[in-house]
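Visitor: File follows, start_30.txt with compact mmCIF, C-alpha atoms:
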```
# COMPACT_ATOMS: atom_id res chain seq x y z
CA MET A 1 99.68 192.95 -107.10
CA GLU A 2 101.96 192.12 -110.02
CA ASN A 3 100.96 195.32 -111.82
CA SER A 4 101.58 197.49 -108.76
CA ALA A 5 105.04 196.01 -108.22
CA GLN A 6 105.79 196.57 -111.86
CA SER A 7 104.72 200.20 -111.81
CA LEU A 8 106.86 200.87 -108.72
CA SER A 9 109.90 199.43 -110.51
CA GLU A 10 109.24 201.77 -113.43
CA LYS A 11 109.47 204.90 -111.27
CA GLU A 12 112.80 206.67 -110.74
CA CYS A 13 114.45 207.60 -107.44
CA VAL A 14 114.34 211.34 -106.86
CA PRO A 15 116.98 213.50 -105.11
CA CYS A 16 116.14 213.58 -101.43
CA LYS A 17 116.70 216.57 -99.12
CA SER A 18 117.92 216.41 -95.54
CA GLY A 19 115.34 217.21 -92.94
CA GLY A 20 112.40 215.69 -94.82
CA SER A 21 110.01 213.36 -93.06
CA PRO A 22 110.33 209.58 -93.31
CA LEU A 23 107.28 207.73 -94.64
CA PRO A 24 104.57 207.08 -92.05
CA ASP A 25 103.81 203.47 -91.11
CA SER A 26 100.63 203.41 -93.20
CA SER A 27 102.54 204.29 -96.40
CA ILE A 28 105.29 201.79 -95.55
CA LYS A 29 102.65 199.05 -95.23
CA GLU A 30 101.03 200.01 -98.51
CA LEU A 31 104.34 200.15 -100.43
CA LEU A 32 105.54 196.87 -98.89
CA CYS A 33 102.42 195.16 -100.27
CA ARG A 34 103.34 196.39 -103.75
CA LEU A 35 106.74 194.65 -103.63
CA ASN A 36 107.43 191.03 -104.55
CA ASN A 37 107.78 188.45 -101.80
CA GLY A 38 110.84 188.47 -99.61
CA TRP A 39 110.99 192.12 -98.59
CA ALA A 40 110.45 193.01 -94.95
CA VAL A 41 110.79 196.10 -92.77
CA GLU A 42 112.69 195.57 -89.55
CA ASN A 43 114.25 198.19 -87.28
CA GLY A 44 113.12 200.84 -89.74
CA ARG A 45 115.04 199.23 -92.62
CA LEU A 46 113.73 197.51 -95.73
CA HIS A 47 115.62 194.27 -96.38
CA LYS A 48 115.63 191.10 -98.49
CA THR A 49 117.91 188.06 -98.69
CA TYR A 50 118.80 186.65 -102.12
CA ARG A 51 120.39 183.18 -102.27
CA PHE A 52 122.78 181.84 -104.92
CA LYS A 53 124.61 178.66 -105.87
CA ASN A 54 128.05 179.97 -104.97
CA PHE A 55 130.14 183.05 -104.17
CA ALA A 56 130.76 184.06 -107.80
CA GLN A 57 127.05 184.33 -108.55
CA ALA A 58 126.41 186.31 -105.38
CA LEU A 59 129.21 188.69 -106.42
CA ALA A 60 127.78 188.97 -109.96
CA PHE A 61 124.40 189.91 -108.45
CA THR A 62 126.13 192.47 -106.21
CA ASN A 63 127.57 194.12 -109.31
CA LYS A 64 124.14 194.34 -110.93
CA VAL A 65 122.77 195.87 -107.72
CA GLY A 66 125.69 198.31 -107.76
CA ALA A 67 124.97 199.35 -111.35
CA LEU A 68 121.30 200.02 -110.54
CA ALA A 69 122.27 201.91 -107.36
CA GLU A 70 124.66 204.14 -109.30
CA GLN A 71 122.07 204.74 -112.01
CA GLN A 72 119.47 205.75 -109.40
CA GLN A 73 122.00 207.50 -107.13
CA HIS A 74 120.50 205.63 -104.21
CA HIS A 75 122.73 203.09 -102.52
CA PRO A 76 121.73 200.14 -100.37
CA ASP A 77 123.90 198.42 -97.81
CA ILE A 78 124.95 195.10 -99.33
CA PHE A 79 125.98 192.12 -97.19
CA LEU A 80 127.76 189.67 -99.50
CA SER A 81 128.78 186.22 -98.33
CA TRP A 82 129.12 182.76 -99.88
CA GLY A 83 125.88 182.07 -101.78
CA LYS A 84 123.96 184.93 -100.19
CA VAL A 85 123.36 188.66 -100.62
CA ILE A 86 121.36 190.66 -98.10
CA ILE A 87 120.13 194.04 -99.30
CA GLU A 88 119.24 196.69 -96.74
CA LEU A 89 117.58 199.95 -97.78
CA TYR A 90 117.28 203.09 -95.69
CA THR A 91 117.47 206.81 -96.42
CA HIS A 92 120.13 208.30 -94.16
CA LYS A 93 119.24 211.91 -95.05
CA ILE A 94 115.78 211.55 -93.50
CA GLN A 95 116.74 208.85 -91.00
CA GLY A 96 113.98 206.59 -92.19
CA LEU A 97 112.30 205.07 -95.21
CA HIS A 98 111.56 207.11 -98.36
CA GLU A 99 109.63 206.06 -101.46
CA ASN A 100 113.09 205.81 -103.14
CA ASP A 101 113.82 202.76 -100.99
CA PHE A 102 110.75 200.95 -102.32
CA ILE A 103 111.42 202.03 -105.90
CA LEU A 104 114.96 200.65 -105.73
CA ALA A 105 113.69 197.47 -104.05
CA ALA A 106 111.23 196.92 -106.91
CA LYS A 107 113.97 197.57 -109.46
CA LEU A 108 116.32 195.08 -107.76
CA ASP A 109 113.65 192.40 -108.17
CA THR A 110 113.79 192.95 -111.95
CA ILE A 111 117.41 191.71 -112.04
CA ASP A 112 117.43 188.36 -113.82
CA ILE A 113 118.88 185.75 -111.47
CA SER A 114 117.19 182.76 -113.11
CA ASN A 115 120.54 181.36 -114.27
CA SER A 116 122.20 181.84 -110.92
CA ASN A 117 119.70 180.16 -108.67
CA PRO A 118 117.73 177.22 -109.99
CA ALA A 119 115.74 177.10 -106.75
CA GLN A 120 114.46 180.66 -107.31
CA GLU A 121 110.70 180.90 -107.45
CA PRO A 122 109.41 182.21 -110.78
CA VAL A 123 108.85 186.00 -110.52
CA MET B 1 156.82 193.81 -88.72
CA GLU B 2 156.61 194.73 -92.42
CA ASN B 3 158.52 191.57 -93.37
CA SER B 4 156.28 189.34 -91.28
CA ALA B 5 153.14 190.79 -92.85
CA GLN B 6 154.65 190.29 -96.26
CA SER B 7 155.54 186.66 -95.65
CA LEU B 8 152.02 185.93 -94.41
CA SER B 9 150.58 187.42 -97.61
CA GLU B 10 152.82 185.15 -99.65
CA LYS B 11 151.40 181.97 -98.11
CA GLU B 12 148.41 180.22 -99.66
CA CYS B 13 145.16 179.20 -97.97
CA VAL B 14 144.93 175.44 -97.52
CA PRO B 15 141.80 173.27 -97.70
CA CYS B 16 140.32 173.10 -94.22
CA LYS B 17 138.55 170.07 -92.74
CA SER B 18 135.45 170.14 -90.55
CA GLY B 19 136.05 169.25 -86.94
CA GLY B 20 139.51 170.79 -86.73
CA SER B 21 140.44 173.06 -83.85
CA PRO B 22 140.30 176.82 -84.14
CA LEU B 23 143.53 178.69 -83.39
CA PRO B 24 144.22 179.26 -79.70
CA ASP B 25 144.27 182.84 -78.40
CA SER B 26 148.06 182.92 -78.24
CA SER B 27 148.38 182.14 -81.97
CA ILE B 28 145.64 184.63 -82.84
CA LYS B 29 147.56 187.35 -80.97
CA GLU B 30 150.80 186.46 -82.71
CA LEU B 31 149.23 186.39 -86.19
CA LEU B 32 147.34 189.64 -85.56
CA CYS B 33 150.66 191.36 -84.81
CA ARG B 34 151.95 190.24 -88.20
CA LEU B 35 149.11 192.00 -90.05
CA ASN B 36 149.06 195.64 -91.10
CA ASN B 37 147.13 198.17 -89.02
CA GLY B 38 143.36 198.12 -89.02
CA TRP B 39 142.69 194.44 -88.37
CA ALA B 40 141.03 193.45 -85.13
CA VAL B 41 139.52 190.31 -83.63
CA GLU B 42 136.08 190.78 -82.11
CA ASN B 43 133.51 188.13 -81.24
CA GLY B 44 135.88 185.52 -82.64
CA ARG B 45 135.98 187.22 -86.05
CA LEU B 46 138.84 189.00 -87.79
CA HIS B 47 137.67 192.28 -89.32
CA LYS B 48 138.84 195.49 -90.96
CA THR B 49 137.09 198.56 -92.37
CA TYR B 50 138.34 200.06 -95.64
CA ARG B 51 137.11 203.55 -96.61
CA PHE B 52 136.70 204.97 -100.11
CA LYS B 53 135.74 208.18 -101.87
CA ASN B 54 132.44 206.88 -103.18
CA PHE B 55 130.29 203.81 -103.84
CA ALA B 56 131.91 202.88 -107.16
CA GLN B 57 135.37 202.61 -105.62
CA ALA B 58 134.06 200.54 -102.72
CA LEU B 59 132.42 198.21 -105.26
CA ALA B 60 135.64 198.01 -107.31
CA PHE B 61 137.51 196.99 -104.14
CA THR B 62 134.81 194.40 -103.39
CA ASN B 63 135.46 192.84 -106.80
CA LYS B 64 139.20 192.64 -106.11
CA VAL B 65 138.47 191.02 -102.74
CA GLY B 66 136.13 188.60 -104.54
CA ALA B 67 138.81 187.65 -107.06
CA LEU B 68 141.33 186.93 -104.28
CA ALA B 69 138.71 184.97 -102.31
CA GLU B 70 137.91 182.80 -105.33
CA GLN B 71 141.60 182.25 -106.04
CA GLN B 72 142.20 181.14 -102.44
CA GLN B 73 138.83 179.37 -102.11
CA HIS B 74 138.35 181.15 -98.82
CA HIS B 75 135.52 183.67 -98.69
CA PRO B 76 135.06 186.54 -96.28
CA ASP B 77 131.79 188.22 -95.41
CA ILE B 78 131.79 191.59 -97.19
CA PHE B 79 129.67 194.52 -95.99
CA LEU B 80 129.56 197.04 -98.81
CA SER B 81 128.03 200.47 -98.37
CA TRP B 82 128.61 203.98 -99.76
CA GLY B 83 132.35 204.68 -99.37
CA LYS B 84 133.00 201.77 -97.05
CA VAL B 85 133.78 198.05 -97.14
CA ILE B 86 133.96 195.97 -93.97
CA ILE B 87 135.69 192.61 -94.34
CA GLU B 88 134.94 189.89 -91.80
CA LEU B 89 136.93 186.65 -91.75
CA TYR B 90 135.98 183.45 -89.96
CA THR B 91 136.28 179.75 -90.76
CA HIS B 92 132.81 178.24 -90.51
CA LYS B 93 134.08 174.64 -90.79
CA ILE B 94 135.97 174.92 -87.52
CA GLN B 95 133.72 177.57 -85.98
CA GLY B 96 136.64 179.83 -85.28
CA LEU B 97 139.76 181.41 -86.71
CA HIS B 98 142.22 179.44 -88.89
CA GLU B 99 145.58 180.57 -90.27
CA ASN B 100 143.75 180.88 -93.63
CA ASP B 101 141.87 183.88 -92.24
CA PHE B 102 145.12 185.70 -91.48
CA ILE B 103 146.68 184.72 -94.82
CA LEU B 104 143.68 186.12 -96.71
CA ALA B 105 143.72 189.25 -94.51
CA ALA B 106 147.38 189.85 -95.39
CA LYS B 107 146.65 189.28 -99.08
CA LEU B 108 143.72 191.75 -99.01
CA ASP B 109 146.12 194.42 -97.73
CA THR B 110 148.21 193.97 -100.88
CA ILE B 111 145.31 195.24 -103.04
CA ASP B 112 146.29 198.63 -104.41
CA ILE B 113 143.71 201.18 -103.30
CA SER B 114 146.00 204.22 -103.58
CA ASN B 115 143.95 205.65 -106.46
CA SER B 116 140.66 205.10 -104.72
CA ASN B 117 141.38 206.68 -101.37
CA PRO B 118 143.73 209.64 -101.18
CA ALA B 119 143.45 209.65 -97.40
CA GLN B 120 144.79 206.09 -97.22
CA GLU B 121 147.92 205.77 -95.13
CA PRO B 122 150.89 204.53 -97.15
CA VAL B 123 151.22 200.75 -96.76
```
When written as structure tokens, how does the structure in this file appear?
Guide:
Amino acid sequence: MENSAQSLSEKECVPCKSGGSPLPDSSIKELLCRLNNGWAVENGRLHKTYRFKNFAQALAFTNKVGALAEQQQHHPDIFLSWGKVIIELYTHKIQGLHENDFILAAKLDTIDISNSNPAQEPV
Amino acid sequence: MENSAQSLSEKECVPCKSGGSPLPDSSIKELLCRLNNGWAVENGRLHKTYRFKNFAQALAFTNKVGALAEQQQHHPDIFLSWGKVIIELYTHKIQGLHENDFILAAKLDTIDISNSNPAQEPV
């Protein structure tokens, strides 16, 4: 499981064309199993909630997410509030989930937040 | 109108105690009229959508909002997506709107986003 999650995080998001097909449920299930804990698919969107000690650390995490999103040219919706960041992934061009969403999800889990949240489970 | 919005932005958020009363509707209406265009109260929350040319500029704005929030020790919910930031203000301690929410709203409208969004109406 650990190896699969790692290999997903090592892939790169690819440019995605309009009109393509979203992933079928079977692929979504398989990719979800390759991610670390915390990710879920709901209403066709892949989401995870990260918790922090305060607002500043949640904002710092948001900036790291932003840097990865820009690097991959794939941008999540980010809900930032005091001590909490919710990430929501979805590929608007295909109106559904693409492998890119799972690749970015795996990459986001490589962000080191060990200093920001002492209650974080070891990854 | 311009002067009233300005004077609201020059006030400072004050520490807020649990158990206080939220603003009555009449005060909410009056304070809303003193804000610039774009703010609305819906479901008991004060919100505004800011639009940008791309993700990076929306993230840059989010950081400026974060700096103001930390300075005032009053933190909005921030919904950041590609080219868009939605700000939502609410005072959890009193389960409603406080003058702090309107003060922070007025302050957020003083952030210079003229370089980020050429379609922005002059403030």
Visitor: Up to 8 Å from chain A, what residues of chain B turn up? Count only C-alpha atoms and give them as a ChimeraX atom specification.
Guide: /B:55-56,59,63,66,70,75-82
Visitor: At a cut-off of 9 Å, using only C-alpha atoms, what residues contact segment 43-47 of chain A? Leave out same-chain residues fewer than 5 positions from it and give the result as an MDAnalysis selection string.
Guide: chainID A and resid 32 38 86:91 95:97 101:102 105
Visitor: Interatomic distance between atom CA of Lys93 of chain A and atom CA of Ile113 of chain B?
Guide: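 Separation between atom CA of Lys93 of chain A and atom CA of Ile113 of chain B: 28.0 Å.
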Visitor: In the coordinate frame of the file, compute which residues have an atom within 12 Å of (145.6, 183.1, -79.6) when using only C-alpha atoms, and state them as an MDAnalysis selection string.
Guide: chainID B and resid 22:33 41 44 96:99
Visitor: Those same residues, written as a short mmCIF file (atom, residue, chain, number, x, y, z; two decimals), in the frame of the given file with C-alpha atoms?
Guide:
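As written to disk, selection-v1.cif reads:
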```cif
data_model
loop_
_atom_site.label_atom_id
_atom_site.label_comp_id
_atom_site.auth_asym_id
_atom_site.auth_seq_id
_atom_site.Cartn_x
_atom_site.Cartn_y
_atom_site.Cartn_z
CA PRO B 22 140.30 176.82 -84.14
CA LEU B 23 143.53 178.69 -83.39
CA PRO B 24 144.22 179.26 -79.70
CA ASP B 25 144.27 182.84 -78.40
CA SER B 26 148.06 182.92 -78.24
CA SER B 27 148.38 182.14 -81.97
CA ILE B 28 145.64 184.63 -82.84
CA LYS B 29 147.56 187.35 -80.97
CA GLU B 30 150.80 186.46 -82.71
CA LEU B 31 149.23 186.39 -86.19
CA LEU B 32 147.34 189.64 -85.56
CA CYS B 33 150.66 191.36 -84.81
CA VAL B 41 139.52 190.31 -83.63
CA GLY B 44 135.88 185.52 -82.64
CA GLY B 96 136.64 179.83 -85.28
CA LEU B 97 139.76 181.41 -86.71
CA HIS B 98 142.22 179.44 -88.89
CA GLU B 99 145.58 180.57 -90.27
#
```
Visitor: Using all atoms listed in the file, which of the listed residues (A:Ser116, A:Leu68, A:Leu104, A:Lys11) sits closest to Arg51 of chain A?
Guide: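 Selected residue with least distance to Arg51 of chain A: A:Ser116.
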Visitor: Report, in Å to a single decimal, how far apart atom CA of Ala58 of chain B and atom CA of Asn36 of chain A are.
Guide: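 These two atoms are separated by 28.3 Å.
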Visitor: Just give me the gap between atom CA of Ser9 of chain B and atom CA of Ile103 of chain B in Å, one decimal is fine.
Guide: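 About the pair atom CA of Ser9 of chain B and atom CA of Ile103 of chain B: they are 5.5 Å apart.
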Visitor: Taking all atoms listed in the file into account, which of A:Asn37, A:Asn54, A:Thr49, A:Ser21 comes nearest Ala106 of chain A?
Guide: A:Asn37
Visitor: Which polymer residues have any atom within 8 Å of an atom of Lys17 of chain A, counting all atoms listed in the file, with same-chain residues fewer than 2 positions away left out, as a count of residues only?
Guide: 5
